[in-house]
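Chemist: Structure below; questions to follow.
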Amino acid sequence: MNSPFTVLIVDDEKHNRNLLTELLKDDYELIVAKNGGQALLRAHEHQPDLILLDVLMPDMDGYAVIRALKHDDGTRDIPVIFVTALDSVGDEEKGLDLGAVDYISKPFHPPIVRVRVRNHLQSVQQRRLLEQLALLDSLTGIPNRRRFNQVFEQEWRRCLRTGAAMSLIVVDVDNFKAFNDSFGHAAGDEVLRRIASSLQKSLRRPADLVCRYGGEEFVILLPGIDKEGAQALAEAARFEIEAQHVGSETSGAPTAVTVSMGGVTRVPHQTTPDLTLFSDADASLYRAKHLGRNRVVWDSAAPGASPFPRQFAS
């Protein structure tokens, strides 16, 4: 079954596991566990979209399992439905208080199980869509600053483990305020969309990331790419934007919009992500602006030595 959803079935009785498996196998990918310990291991390993959990199990009952799930950052957001012979109001209240999203009493009715599983997985899908939208810039459709912060932390730690370099490029649209003032915000918005698309196409690997950091500023993160490789990518992206004559073909502007870029490359040596990476790249961007715009400048300052400048006109 090639389903987008995975369901973990946890029950110490083989008969119950088989019943639920037979009931759901045509609609979902299924994982089975016969005790609490197995359930926790498989929840970590497979990250299921939903867990059907029995309460009455030896050694570690369902209540202990859900407590462990909810106390772990890796599994706390996985929804849990109790499927159990304990059917008193007090039992149901206890399960819901511990974080279960639903409570199905045994013996269960197959149509009810199917509908409740389907409804909760629809909620999972809707939540994921909302989470994805929250990480995208609404104007350009590329990742936003929030997504950059998430990925930067993850990739910093990965480069720290592997000893690889990390390169970061800050991109700013040249003279963007003047363009907006002359040709209007609609034309300015189209410029930002075109530049975002061009920068996105310049990326070569799944791990590379470009995001809109704010206003007319973009950031490119290149984990595992050394200085020479990152500079080459930045220069190619800058040249491509210049060659497209962005802005002039739609607004009638006499000159096309260009971008300036400032870059930095570091090999992580500390567990906490080094936030001076951005300020150092921004210092390089400041120098690119000072030297005449429409260019790439790399490592214009000593690591961590420059404050966040913001003294240039875009």
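In the structure tokens, the first chain shown is A, the next is B, and so on; residue numbers restart at 1 for each chain, and ligands run from 1 in the order shown.
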Looking only at alpha helix (DSSP H) from DSSP on the backbone, list the matching residues of range 92-285 of chain A as a ChimeraX atom specification.

Modeler: /A:92-97,110-134,145-162,176-183,185-202,227-243,248-251,276-285

Chemist: Find the residues near range 260-268 of chain A: any atom within 8 Å, counting only C-alpha atoms, skip ones fewer than 2 places away on the same chain, and give them as JSON, numbers by chain.

Modeler: {"A": [156, 157, 159, 160, 163, 164, 165, 166, 167, 168, 169, 170, 171, 172, 173, 174, 226, 227, 231, 234, 238, 258, 270, 271, 273, 274, 277, 280, 281, 282, 283, 284, 285, 286, 287, 288, 289, 293, 294, 295, 296, 297, 298, 299]}

Chemist: As a compact mmCIF listing (two decimals) with N, CA and C atoms, in the first residue's frame, please: all residues of range 24-223 of chain A that backbone DSSP puts in strand (DSSP E or B).

Modeler:
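That gives us selection_37.txt:
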```
# COMPACT_ATOMS: atom_id res chain seq x y z
N GLU A 29 -0.25 2.79 5.35
CA GLU A 29 0.94 2.01 5.70
C GLU A 29 0.85 1.70 7.19
N LEU A 30 1.04 0.45 7.56
CA LEU A 30 0.85 0.03 8.95
C LEU A 30 2.14 -0.46 9.57
N ILE A 31 2.32 -0.11 10.85
CA ILE A 31 3.42 -0.63 11.67
C ILE A 31 2.76 -1.22 12.91
N VAL A 32 3.31 -2.32 13.40
CA VAL A 32 2.68 -3.02 14.52
C VAL A 32 3.67 -3.16 15.66
N ALA A 33 3.17 -2.97 16.89
CA ALA A 33 3.97 -3.19 18.10
C ALA A 33 3.12 -3.96 19.10
N LEU A 50 -0.24 8.61 13.02
CA LEU A 50 -1.27 8.34 14.02
C LEU A 50 -0.90 7.05 14.75
N ILE A 51 -1.23 7.00 16.05
CA ILE A 51 -0.99 5.79 16.85
C ILE A 51 -2.31 5.31 17.42
N LEU A 52 -2.63 4.04 17.19
CA LEU A 52 -3.77 3.38 17.84
C LEU A 52 -3.20 2.58 19.00
N LEU A 53 -3.56 2.96 20.21
CA LEU A 53 -2.86 2.46 21.40
C LEU A 53 -3.81 1.78 22.37
N VAL A 80 -2.64 10.37 19.20
CA VAL A 80 -2.85 9.03 19.75
C VAL A 80 -4.35 8.81 19.98
N ILE A 81 -4.85 7.67 19.49
CA ILE A 81 -6.22 7.24 19.77
C ILE A 81 -6.13 6.00 20.65
N PHE A 82 -6.76 6.05 21.82
CA PHE A 82 -6.84 4.85 22.65
C PHE A 82 -7.92 3.93 22.11
N VAL A 83 -7.58 2.66 21.92
CA VAL A 83 -8.54 1.63 21.54
C VAL A 83 -8.48 0.57 22.63
N THR A 84 -9.47 0.56 23.53
CA THR A 84 -9.32 -0.23 24.76
C THR A 84 -10.65 -0.72 25.30
N ASP A 102 -8.57 10.90 20.86
CA ASP A 102 -9.85 10.19 20.77
C ASP A 102 -9.77 8.93 21.61
N TYR A 103 -10.92 8.30 21.80
CA TYR A 103 -11.02 7.14 22.67
C TYR A 103 -12.06 6.21 22.08
N ILE A 104 -11.65 5.01 21.65
CA ILE A 104 -12.56 4.04 21.06
C ILE A 104 -12.64 2.82 21.96
N SER A 105 -13.85 2.44 22.33
CA SER A 105 -14.04 1.32 23.26
C SER A 105 -14.13 -0.01 22.50
N LEU A 136 6.52 29.82 4.23
CA LEU A 136 6.71 30.36 2.89
C LEU A 136 6.40 31.85 2.86
N PRO A 143 10.84 29.98 0.61
CA PRO A 143 10.89 29.97 2.08
C PRO A 143 11.12 31.36 2.67
N ASN A 144 10.61 31.55 3.88
CA ASN A 144 10.73 32.85 4.54
C ASN A 144 11.82 32.81 5.62
N MET A 166 30.34 25.79 5.76
CA MET A 166 29.02 26.35 5.49
C MET A 166 29.21 27.73 4.88
N SER A 167 28.53 27.97 3.77
CA SER A 167 28.59 29.27 3.11
C SER A 167 27.23 29.94 3.17
N LEU A 168 27.25 31.25 3.35
CA LEU A 168 26.02 32.02 3.44
C LEU A 168 26.17 33.28 2.60
N ILE A 169 25.14 33.59 1.83
CA ILE A 169 25.16 34.76 0.94
C ILE A 169 23.95 35.63 1.26
N VAL A 170 24.19 36.91 1.49
CA VAL A 170 23.12 37.88 1.65
C VAL A 170 22.98 38.64 0.33
N VAL A 171 21.76 38.69 -0.19
CA VAL A 171 21.47 39.30 -1.49
C VAL A 171 20.54 40.49 -1.28
N ASP A 172 20.87 41.61 -1.88
CA ASP A 172 20.03 42.80 -1.76
C ASP A 172 19.81 43.41 -3.15
N VAL A 173 18.55 43.78 -3.43
CA VAL A 173 18.22 44.38 -4.72
C VAL A 173 18.74 45.81 -4.75
N LEU A 209 19.47 26.34 0.10
CA LEU A 209 18.23 27.05 0.45
C LEU A 209 18.35 28.52 0.10
N VAL A 210 17.31 29.06 -0.53
CA VAL A 210 17.19 30.51 -0.69
C VAL A 210 15.90 30.94 -0.03
N CYS A 211 15.94 32.04 0.69
CA CYS A 211 14.72 32.54 1.33
C CYS A 211 14.66 34.05 1.18
N ARG A 212 13.45 34.56 1.29
CA ARG A 212 13.28 36.00 1.38
C ARG A 212 13.39 36.38 2.84
N TYR A 213 14.41 37.15 3.16
CA TYR A 213 14.70 37.48 4.55
C TYR A 213 13.88 38.66 5.04
N GLY A 214 13.48 39.51 4.10
CA GLY A 214 12.68 40.67 4.46
C GLY A 214 12.86 41.77 3.44
N GLU A 217 15.52 41.88 0.50
CA GLU A 217 16.71 41.12 0.88
C GLU A 217 16.42 39.62 0.88
N PHE A 218 17.37 38.87 0.32
CA PHE A 218 17.29 37.42 0.26
C PHE A 218 18.55 36.82 0.89
N VAL A 219 18.45 35.58 1.33
CA VAL A 219 19.60 34.87 1.90
C VAL A 219 19.71 33.51 1.23
N ILE A 220 20.93 33.14 0.86
CA ILE A 220 21.20 31.82 0.29
C ILE A 220 22.09 31.06 1.27
N LEU A 221 21.67 29.87 1.65
CA LEU A 221 22.44 29.01 2.56
C LEU A 221 22.96 27.82 1.78
N LEU A 222 24.28 27.60 1.84
CA LEU A 222 24.92 26.53 1.09
C LEU A 222 25.73 25.65 2.04
N PRO A 223 25.10 24.72 2.73
CA PRO A 223 25.85 23.83 3.62
C PRO A 223 26.72 22.86 2.85
```

Chemist: Any idea what the distance is between CA of Val115 in chain A and CA of Leu24 in chain A?

Modeler: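 These atoms are spaced 10.8 Å apart.
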
Chemist: Compile the contact shell of Lys177 in chain A as a PyMOL selection string: residues with an atom at most 9 Å away, counting only C-alpha atoms, same-chain residues fewer than 2 positions apart removed.

Modeler: chain A and resi 174-175+179-182+188+216+313-314

Chemist: Could you save the residues just selected, with N, CA, C and O atoms, as a PDB file, in the first residue's frame?

Modeler:
```
ATOM      1  N   ASP A 174      19.484  46.156  -5.774  1.00  0.00           N
ATOM      2  CA  ASP A 174      20.077  47.490  -5.877  1.00  0.00           C
ATOM      3  C   ASP A 174      19.017  48.541  -6.221  1.00  0.00           C
ATOM      4  O   ASP A 174      18.159  48.321  -7.099  1.00  0.00           O
ATOM      5  N   ASN A 175      19.088  49.680  -5.515  1.00  0.00           N
ATOM      6  CA  ASN A 175      18.238  50.839  -5.812  1.00  0.00           C
ATOM      7  C   ASN A 175      16.746  50.476  -5.839  1.00  0.00           C
ATOM      8  O   ASN A 175      15.968  51.032  -6.627  1.00  0.00           O
ATOM      9  N   PHE A 179      13.307  52.365  -7.476  1.00  0.00           N
ATOM     10  CA  PHE A 179      12.494  51.676  -8.483  1.00  0.00           C
ATOM     11  C   PHE A 179      11.025  51.682  -8.056  1.00  0.00           C
ATOM     12  O   PHE A 179      10.131  51.983  -8.863  1.00  0.00           O
ATOM     13  N   ASN A 180      10.768  51.363  -6.789  1.00  0.00           N
ATOM     14  CA  ASN A 180       9.390  51.359  -6.285  1.00  0.00           C
ATOM     15  C   ASN A 180       8.753  52.733  -6.394  1.00  0.00           C
ATOM     16  O   ASN A 180       7.591  52.881  -6.788  1.00  0.00           O
ATOM     17  N   ASP A 181       9.508  53.757  -6.011  1.00  0.00           N
ATOM     18  CA  ASP A 181       8.980  55.119  -6.050  1.00  0.00           C
ATOM     19  C   ASP A 181       8.649  55.551  -7.477  1.00  0.00           C
ATOM     20  O   ASP A 181       7.684  56.279  -7.712  1.00  0.00           O
ATOM     21  N   SER A 182       9.447  55.085  -8.438  1.00  0.00           N
ATOM     22  CA  SER A 182       9.270  55.514  -9.834  1.00  0.00           C
ATOM     23  C   SER A 182       8.194  54.715 -10.561  1.00  0.00           C
ATOM     24  O   SER A 182       7.446  55.271 -11.373  1.00  0.00           O
ATOM     25  N   GLY A 188       7.377  46.683  -8.379  1.00  0.00           N
ATOM     26  CA  GLY A 188       8.376  46.237  -7.413  1.00  0.00           C
ATOM     27  C   GLY A 188       8.139  44.817  -6.962  1.00  0.00           C
ATOM     28  O   GLY A 188       9.084  44.022  -6.825  1.00  0.00           O
ATOM     29  N   GLU A 216      13.534  43.731   0.361  1.00  0.00           N
ATOM     30  CA  GLU A 216      14.192  43.363  -0.889  1.00  0.00           C
ATOM     31  C   GLU A 216      15.442  42.519  -0.645  1.00  0.00           C
ATOM     32  O   GLU A 216      16.318  42.435  -1.496  1.00  0.00           O
ATOM     33  N   ALA A 313      22.282  52.834   1.191  1.00  0.00           N
ATOM     34  CA  ALA A 313      21.027  52.968   0.450  1.00  0.00           C
ATOM     35  C   ALA A 313      20.958  51.781  -0.500  1.00  0.00           C
ATOM     36  O   ALA A 313      21.934  51.461  -1.167  1.00  0.00           O
ATOM     37  N   SER A 314      19.802  51.138  -0.571  1.00  0.00           N
ATOM     38  CA  SER A 314      19.699  49.893  -1.326  1.00  0.00           C
ATOM     39  C   SER A 314      20.085  50.059  -2.780  1.00  0.00           C
ATOM     40  O   SER A 314      20.525  49.128  -3.401  1.00  0.00           O
TER      41      SER A 314
END
```

Chemist: List the spatial neighbours of Lys106 in chain A as an mmCIF file with N, CA and C atoms, in the first residue's frame - criterion: any atom at most 12 Å away, only C-alpha atoms, same-chain residues fewer than 3 positions off excluded.

Modeler:
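Result file part22.cif:
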```cif
data_model
loop_
_atom_site.group_PDB
_atom_site.id
_atom_site.type_symbol
_atom_site.label_atom_id
_atom_site.label_comp_id
_atom_site.auth_asym_id
_atom_site.auth_seq_id
_atom_site.Cartn_x
_atom_site.Cartn_y
_atom_site.Cartn_z
ATOM 1 N N ASN A 16 -6.272 -8.753 18.356
ATOM 2 C CA ASN A 16 -6.651 -7.354 18.149
ATOM 3 C C ASN A 16 -5.757 -6.682 17.104
ATOM 4 N N LEU A 19 -7.000 -7.809 13.736
ATOM 5 C CA LEU A 19 -8.268 -7.177 13.369
ATOM 6 C C LEU A 19 -8.045 -5.761 12.831
ATOM 7 N N LEU A 20 -7.253 -4.976 13.549
ATOM 8 C CA LEU A 20 -7.007 -3.596 13.125
ATOM 9 C C LEU A 20 -6.191 -3.551 11.835
ATOM 10 N N LEU A 53 -3.560 2.962 20.211
ATOM 11 C CA LEU A 53 -2.862 2.464 21.398
ATOM 12 C C LEU A 53 -3.808 1.782 22.375
ATOM 13 N N ASP A 54 -3.490 0.534 22.725
ATOM 14 C CA ASP A 54 -4.228 -0.176 23.778
ATOM 15 C C ASP A 54 -3.757 0.334 25.139
ATOM 16 N N VAL A 55 -4.619 0.242 26.135
ATOM 17 C CA VAL A 55 -4.257 0.679 27.487
ATOM 18 C C VAL A 55 -3.726 -0.480 28.311
ATOM 19 N N LEU A 56 -4.446 -1.586 28.315
ATOM 20 C CA LEU A 56 -4.099 -2.707 29.189
ATOM 21 C C LEU A 56 -3.029 -3.585 28.549
ATOM 22 N N PHE A 82 -6.760 6.051 21.818
ATOM 23 C CA PHE A 82 -6.840 4.849 22.650
ATOM 24 C C PHE A 82 -7.922 3.933 22.109
ATOM 25 N N VAL A 83 -7.580 2.660 21.921
ATOM 26 C CA VAL A 83 -8.543 1.627 21.535
ATOM 27 C C VAL A 83 -8.477 0.573 22.626
ATOM 28 N N THR A 84 -9.467 0.563 23.533
ATOM 29 C CA THR A 84 -9.322 -0.225 24.761
ATOM 30 C C THR A 84 -10.652 -0.716 25.301
ATOM 31 N N ALA A 85 -10.569 -1.780 26.106
ATOM 32 C CA ALA A 85 -11.763 -2.322 26.755
ATOM 33 C C ALA A 85 -12.189 -1.483 27.949
ATOM 34 N N LEU A 86 -11.348 -0.606 28.423
ATOM 35 C CA LEU A 86 -11.724 0.286 29.524
ATOM 36 C C LEU A 86 -12.662 1.355 28.988
ATOM 37 N N ASP A 87 -13.931 1.280 29.378
ATOM 38 C CA ASP A 87 -14.913 2.145 28.738
ATOM 39 C C ASP A 87 -15.673 3.047 29.699
ATOM 40 N N SER A 88 -15.168 3.212 30.928
ATOM 41 C CA SER A 88 -15.856 4.107 31.859
ATOM 42 C C SER A 88 -15.542 5.558 31.512
ATOM 43 N N TYR A 103 -10.924 8.305 21.801
ATOM 44 C CA TYR A 103 -11.020 7.141 22.674
ATOM 45 C C TYR A 103 -12.064 6.209 22.077
ATOM 46 N N HIS A 109 -16.538 -1.084 16.537
ATOM 47 C CA HIS A 109 -17.271 -1.288 15.283
ATOM 48 C C HIS A 109 -16.379 -0.820 14.128
ATOM 49 N N PRO A 110 -16.045 -1.691 13.197
ATOM 50 C CA PRO A 110 -15.120 -1.340 12.121
ATOM 51 C C PRO A 110 -15.428 -0.030 11.395
ATOM 52 N N ILE A 112 -16.797 2.652 12.512
ATOM 53 C CA ILE A 112 -16.468 3.763 13.408
ATOM 54 C C ILE A 112 -14.957 3.967 13.468
ATOM 55 N N VAL A 113 -14.219 2.877 13.552
ATOM 56 C CA VAL A 113 -12.751 2.981 13.581
ATOM 57 C C VAL A 113 -12.248 3.629 12.298
#
```
